[in-house]
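I have placed the structure first, in the form of structure tokens, so that the comments after it can refer back to it.
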Amino acid sequence: MSYVLDQCPVCDSTKQRELYVTKDRHYGIQGDYRVVQCEACELVFLNPMYEDSELVPLYPEDYYAFRDQSRKVGATKQIIKKVLGYEFEAKDPKFNNVGKVLDVGCGSGWLLARMHDQGWQAYGVEVNKAAAKLAAEQTGLSIFNGTLPDANFPANFFEYVRLHHSFEHMSRPHEILREVFRILKPDGTLFIGVPNYSSFNARIFGRYWWYLGVPVHPVNYSVKNLRSLLARNGFHIKTLTFNSNYSGLLGSLQIFLNRNHGNRTGDKIALGVVPLKMLCLWMAKIFDWCRRGDAIEIVASKMP
């Protein structure tokens, strides 16, 4: 059952204000969801909040991370990559040596398969049963179907743990980071990629922001509260960068245009126009340079 939060799930402040009551704009998930912001650390979160187990059934079967990713990159992305020299991927840190890697929220496992081919001992955690099954079938790797705490990996086990656009899907951030700290080796590396609620697009579009993602994004972060959250759980930030694409601007515009036509994004006219994608991609890179891009990427290590 959903539950009311009297305290911020990051800083424990009791001061919060309602931003809006809104709905899912992507997948047709029914219901209205109350979004609030902590007045102390500026975290944005659902209140009432939902347990992760309640959110799992809400994901549609066609959720992007659950799809078979073995097919080639689409023609549009190939054009943009060639013309602009831009990769549509997370900027994972470079390693001198391989070891054990854990991808939390691994979806269909395509990234793990690539890392396995590079010599890593690859493990995955995925809450969606069908996606976990697909990942295991495609890769032959160890994929745990469930939450990270339920996987109960050994302590000091991994050289690298990554949470790429999965951390914002988890309703208890302290619990997750405590578990990551436990299973990560003393010299291990943590990578977190999340949407940035302090981005220009989030501030402009508000409830129509592409990455707001309620209810499957129960928490939305900024640099300020991510720094605090990581420090409270024993992590030191080594690098903090912004890595955004055209979706934050063009997708938000599409949602705004379709705001009166049901819950789903609907006819994606703007999202299908390649010149608009390229223009919005350049703007996204400018926003990143201003440190107001839509996606934060952090590389961190355990504090000594």
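Here's how to read the names in the structure tokens: chain A, B, ... by the order shown, residue numbers from 1 in each chain, ligand numbers from 1 in the order shown.
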
Q | A:Val44 surroundings by only C-alpha atoms, 6 Å radius, close-in-sequence under 5 positions cut, as a PyMOL selection string | A | chain A and resi 36-37+219-220

(Q) Residues near A:Leu230, anyone? I mean within 10 Å using only C-alpha atoms, not counting same-chain ones fewer than 6 positions away, as JSON, numbers by chain. (A) {"A": [10, 173, 174, 177, 178, 236, 237, 300, 301, 302]}

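With distances restricted to only C-alpha atoms, A:Glu159 is the closest residue to A:Phe181 from A:Asp294, A:Glu159, A:Glu168, A:Asp6.
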
Considering only C-alpha atoms, give me a table of residues in stretch 73-166 of chain A that are at most 9 Å from stretch 240-243 of chain A, with the closest atom pair and distance in Å for each, as a tab-separated table.
```
residue	atom	partner	partner_atom	distance
A:Glu89	CA	A:Asn243	CA	8.6
A:Ala90	CA	A:Asn243	CA	7.3
A:Lys91	CA	A:Asn243	CA	7.7
```

Output file for the residues above (C-alpha atoms, as a compact mmCIF listing (two decimals), in the first residue's frame):
```txt
# COMPACT_ATOMS: atom_id res chain seq x y z
CA GLU A 89 25.10 6.09 -24.05
CA ALA A 90 26.25 6.62 -20.48
CA LYS A 91 29.83 7.72 -20.06
```

Q: Check the smallest atom-to-atom distance from each of A:Phe95, A:Val127, A:Lys277, A:Arg25 to A:Ala151 using only C-alpha atoms, then report the winner.
A: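 Checking each candidate against A:Ala151, we get A:Val127 as the closest.
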
Q | Non-local contacts of A:Asp24 (9 Å; only C-alpha atoms; under 5 positions in same chain excluded) as a ChimeraX atom specification | A | /A:29-33,212-216,263-264

With N, CA and C atoms retained, export the selected residues as a PDB file, in the first residue's frame.
```
ATOM      1  N   ILE A  29      -0.396   4.594 -17.607  1.00  0.00           N
ATOM      2  CA  ILE A  29      -0.640   4.159 -16.230  1.00  0.00           C
ATOM      3  C   ILE A  29      -1.730   5.049 -15.642  1.00  0.00           C
ATOM      4  N   GLN A  30      -2.732   4.440 -15.067  1.00  0.00           N
ATOM      5  CA  GLN A  30      -3.887   5.182 -14.569  1.00  0.00           C
ATOM      6  C   GLN A  30      -3.601   5.819 -13.207  1.00  0.00           C
ATOM      7  N   GLY A  31      -4.321   6.880 -12.915  1.00  0.00           N
ATOM      8  CA  GLY A  31      -4.247   7.495 -11.599  1.00  0.00           C
ATOM      9  C   GLY A  31      -3.631   8.885 -11.622  1.00  0.00           C
ATOM     10  N   ASP A  32      -3.865   9.621 -10.542  1.00  0.00           N
ATOM     11  CA  ASP A  32      -3.247  10.920 -10.325  1.00  0.00           C
ATOM     12  C   ASP A  32      -2.245  10.782  -9.188  1.00  0.00           C
ATOM     13  N   TYR A  33      -1.132  11.486  -9.316  1.00  0.00           N
ATOM     14  CA  TYR A  33      -0.032  11.325  -8.377  1.00  0.00           C
ATOM     15  C   TYR A  33       0.414  12.685  -7.855  1.00  0.00           C
ATOM     16  N   LEU A 212      10.170  13.546 -15.691  1.00  0.00           N
ATOM     17  CA  LEU A 212       9.482  13.486 -14.402  1.00  0.00           C
ATOM     18  C   LEU A 212       9.052  12.054 -14.115  1.00  0.00           C
ATOM     19  N   GLY A 213       8.418  11.426 -15.079  1.00  0.00           N
ATOM     20  CA  GLY A 213       8.223   9.981 -15.064  1.00  0.00           C
ATOM     21  C   GLY A 213       7.376   9.393 -13.962  1.00  0.00           C
ATOM     22  N   VAL A 214       6.470  10.166 -13.362  1.00  0.00           N
ATOM     23  CA  VAL A 214       5.618   9.570 -12.330  1.00  0.00           C
ATOM     24  C   VAL A 214       4.666   8.561 -12.965  1.00  0.00           C
ATOM     25  N   PRO A 215       4.352   7.472 -12.264  1.00  0.00           N
ATOM     26  CA  PRO A 215       4.810   7.128 -10.911  1.00  0.00           C
ATOM     27  C   PRO A 215       6.074   6.262 -10.870  1.00  0.00           C
ATOM     28  N   VAL A 216       6.592   5.831 -12.029  1.00  0.00           N
ATOM     29  CA  VAL A 216       7.721   4.897 -11.990  1.00  0.00           C
ATOM     30  C   VAL A 216       9.035   5.585 -11.619  1.00  0.00           C
ATOM     31  N   ASN A 263      -3.262  10.112 -21.365  1.00  0.00           N
ATOM     32  CA  ASN A 263      -2.078   9.944 -20.535  1.00  0.00           C
ATOM     33  C   ASN A 263      -0.813   9.693 -21.335  1.00  0.00           C
ATOM     34  N   ARG A 264      -0.935   9.000 -22.466  1.00  0.00           N
ATOM     35  CA  ARG A 264       0.258   8.607 -23.196  1.00  0.00           C
ATOM     36  C   ARG A 264       0.835   9.773 -23.983  1.00  0.00           C
TER      37      ARG A 264
END
```

(Q) Quick check for you: according to DSSP on this backbone, which residues of stretch 44-223 of chain A are classed as helix (DSSP H, G or I)? Reply as number ranges by chain. (A) A: 52-58, 64-66, 75-84, 110-117, 129-139, 148-151, 167-169, 173-183, 200-208, 223

Would you export the selected residues with C-alpha atoms as a PDB file, in the first residue's frame, please?
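Once everything was written out, this is result.pdb:
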```pdb
ATOM      1  CA  ASP A  52       9.155  -0.698  -5.125  1.00  0.00           C
ATOM      2  CA  SER A  53       7.076  -3.887  -5.133  1.00  0.00           C
ATOM      3  CA  GLU A  54       3.954  -1.793  -5.852  1.00  0.00           C
ATOM      4  CA  LEU A  55       5.615  -0.014  -8.755  1.00  0.00           C
ATOM      5  CA  VAL A  56       6.834  -3.148 -10.544  1.00  0.00           C
ATOM      6  CA  PRO A  57       3.388  -4.174 -11.928  1.00  0.00           C
ATOM      7  CA  LEU A  58       2.860  -0.653 -13.310  1.00  0.00           C
ATOM      8  CA  TYR A  64      12.207   0.659 -23.268  1.00  0.00           C
ATOM      9  CA  ALA A  65      14.698  -1.003 -20.917  1.00  0.00           C
ATOM     10  CA  PHE A  66      12.888  -4.344 -21.122  1.00  0.00           C
ATOM     11  CA  ALA A  75      18.834   4.910 -38.681  1.00  0.00           C
ATOM     12  CA  THR A  76      18.076   8.248 -37.001  1.00  0.00           C
ATOM     13  CA  LYS A  77      20.549   7.642 -34.205  1.00  0.00           C
ATOM     14  CA  GLN A  78      23.154   6.470 -36.691  1.00  0.00           C
ATOM     15  CA  ILE A  79      22.760   9.719 -38.653  1.00  0.00           C
ATOM     16  CA  ILE A  80      22.999  11.882 -35.545  1.00  0.00           C
ATOM     17  CA  LYS A  81      25.996   9.936 -34.237  1.00  0.00           C
ATOM     18  CA  LYS A  82      27.769  10.322 -37.574  1.00  0.00           C
ATOM     19  CA  VAL A  83      26.974  14.001 -38.144  1.00  0.00           C
ATOM     20  CA  LEU A  84      27.462  15.197 -34.584  1.00  0.00           C
ATOM     21  CA  TRP A 110      22.674  -5.718 -23.429  1.00  0.00           C
ATOM     22  CA  LEU A 111      25.224  -3.604 -21.501  1.00  0.00           C
ATOM     23  CA  LEU A 112      26.202  -6.558 -19.317  1.00  0.00           C
ATOM     24  CA  ALA A 113      26.738  -8.696 -22.403  1.00  0.00           C
ATOM     25  CA  ARG A 114      29.091  -6.080 -23.813  1.00  0.00           C
ATOM     26  CA  MET A 115      31.057  -5.851 -20.558  1.00  0.00           C
ATOM     27  CA  HIS A 116      31.239  -9.629 -20.358  1.00  0.00           C
ATOM     28  CA  ASP A 117      32.748  -9.662 -23.842  1.00  0.00           C
ATOM     29  CA  LYS A 129      10.560 -10.885 -14.484  1.00  0.00           C
ATOM     30  CA  ALA A 130      10.263 -10.951 -18.292  1.00  0.00           C
ATOM     31  CA  ALA A 131      13.241  -8.608 -18.740  1.00  0.00           C
ATOM     32  CA  ALA A 132      15.375 -10.622 -16.315  1.00  0.00           C
ATOM     33  CA  LYS A 133      14.488 -13.811 -18.177  1.00  0.00           C
ATOM     34  CA  LEU A 134      15.328 -12.209 -21.531  1.00  0.00           C
ATOM     35  CA  ALA A 135      18.632 -10.903 -20.165  1.00  0.00           C
ATOM     36  CA  ALA A 136      19.602 -14.332 -18.855  1.00  0.00           C
ATOM     37  CA  GLU A 137      18.636 -16.012 -22.140  1.00  0.00           C
ATOM     38  CA  GLN A 138      20.478 -13.461 -24.285  1.00  0.00           C
ATOM     39  CA  THR A 139      23.650 -13.305 -22.231  1.00  0.00           C
ATOM     40  CA  LEU A 148      19.104  -5.211  -4.859  1.00  0.00           C
ATOM     41  CA  PRO A 149      18.701  -5.891  -1.096  1.00  0.00           C
ATOM     42  CA  ASP A 150      16.911  -9.168  -1.860  1.00  0.00           C
ATOM     43  CA  ALA A 151      19.829 -10.335  -4.044  1.00  0.00           C
ATOM     44  CA  PHE A 167      18.162   4.827  -9.010  1.00  0.00           C
ATOM     45  CA  GLU A 168      15.263   7.252  -9.561  1.00  0.00           C
ATOM     46  CA  HIS A 169      12.975   4.202  -9.792  1.00  0.00           C
ATOM     47  CA  PRO A 173      17.539   5.604  -1.613  1.00  0.00           C
ATOM     48  CA  HIS A 174      19.402   5.268   1.691  1.00  0.00           C
ATOM     49  CA  GLU A 175      18.665   1.551   1.832  1.00  0.00           C
ATOM     50  CA  ILE A 176      19.979   1.068  -1.705  1.00  0.00           C
ATOM     51  CA  LEU A 177      23.192   3.019  -1.140  1.00  0.00           C
ATOM     52  CA  ARG A 178      23.897   1.229   2.143  1.00  0.00           C
ATOM     53  CA  GLU A 179      23.650  -2.060   0.282  1.00  0.00           C
ATOM     54  CA  VAL A 180      25.896  -0.813  -2.527  1.00  0.00           C
ATOM     55  CA  PHE A 181      28.455   0.287   0.074  1.00  0.00           C
ATOM     56  CA  ARG A 182      28.346  -3.172   1.649  1.00  0.00           C
ATOM     57  CA  ILE A 183      28.873  -5.163  -1.557  1.00  0.00           C
ATOM     58  CA  PHE A 200      16.516  24.126 -17.413  1.00  0.00           C
ATOM     59  CA  ASN A 201      13.891  21.885 -19.003  1.00  0.00           C
ATOM     60  CA  ALA A 202      12.540  20.623 -15.672  1.00  0.00           C
ATOM     61  CA  ARG A 203      12.114  24.174 -14.437  1.00  0.00           C
ATOM     62  CA  ILE A 204      10.470  25.321 -17.682  1.00  0.00           C
ATOM     63  CA  PHE A 205       8.114  22.390 -18.280  1.00  0.00           C
ATOM     64  CA  GLY A 206       7.304  21.311 -14.699  1.00  0.00           C
ATOM     65  CA  ARG A 207       4.677  18.578 -14.743  1.00  0.00           C
ATOM     66  CA  TYR A 208       5.264  18.139 -18.492  1.00  0.00           C
ATOM     67  CA  VAL A 223      23.189  17.812  -7.702  1.00  0.00           C
TER      68      VAL A 223
END
```

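Nearest residue to A:Leu19 among A:Lys238, A:Lys224, A:Arg34, A:Arg172 is A:Arg34, counting only C-alpha atoms.
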
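Counting only C-alpha atoms and comparing A:Phe144, A:Tyr197, A:Tyr211, A:Tyr3, the residue that lies closest to A:His165 is A:Tyr211.
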
Q | Sel. of strand (DSSP E or B) residues, stretch 18-212 of chain A, as number ranges by chain | A | A: 18-22, 33-38, 44-46, 49, 100-104, 121-126, 142-145, 158-164, 184-196

Q: For each of A:Val274, A:Leu250, A:Met303, A:Ile296, take the minimum atom-to-atom distance to A:Thr189, counting only C-alpha atoms, then give the residue where this is smallest.
A: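 Among the listed residues, the smallest separation from A:Thr189 belongs to A:Met303.
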
Q.
I'd like the interatomic distance between atom CA of A:Ala295 and atom CA of A:Ala40, to a tenth of an Å.
A. 21.8 Å

Q.
Just to confirm, what's the straight-line distance from atom CA of A:Ala122 to atom CA of A:Asp187 in Å (one decimal)?
A.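 Computed distance, atom CA of A:Ala122 to atom CA of A:Asp187, equals 17.9 Å.
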
Q | Pairwise distance for atom CA of A:Pro195 and atom CA of A:Gly293, rounded to one decimal in Å | A |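 Pair atom CA of A:Pro195 / atom CA of A:Gly293 returns 8.7 Å.
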
(Q) At a cut-off of 12 Å, using only C-alpha atoms, what residues contact A:Val4? Leave out same-chain residues fewer than 2 positions from it and give the result as a count of residues only. (A) 17
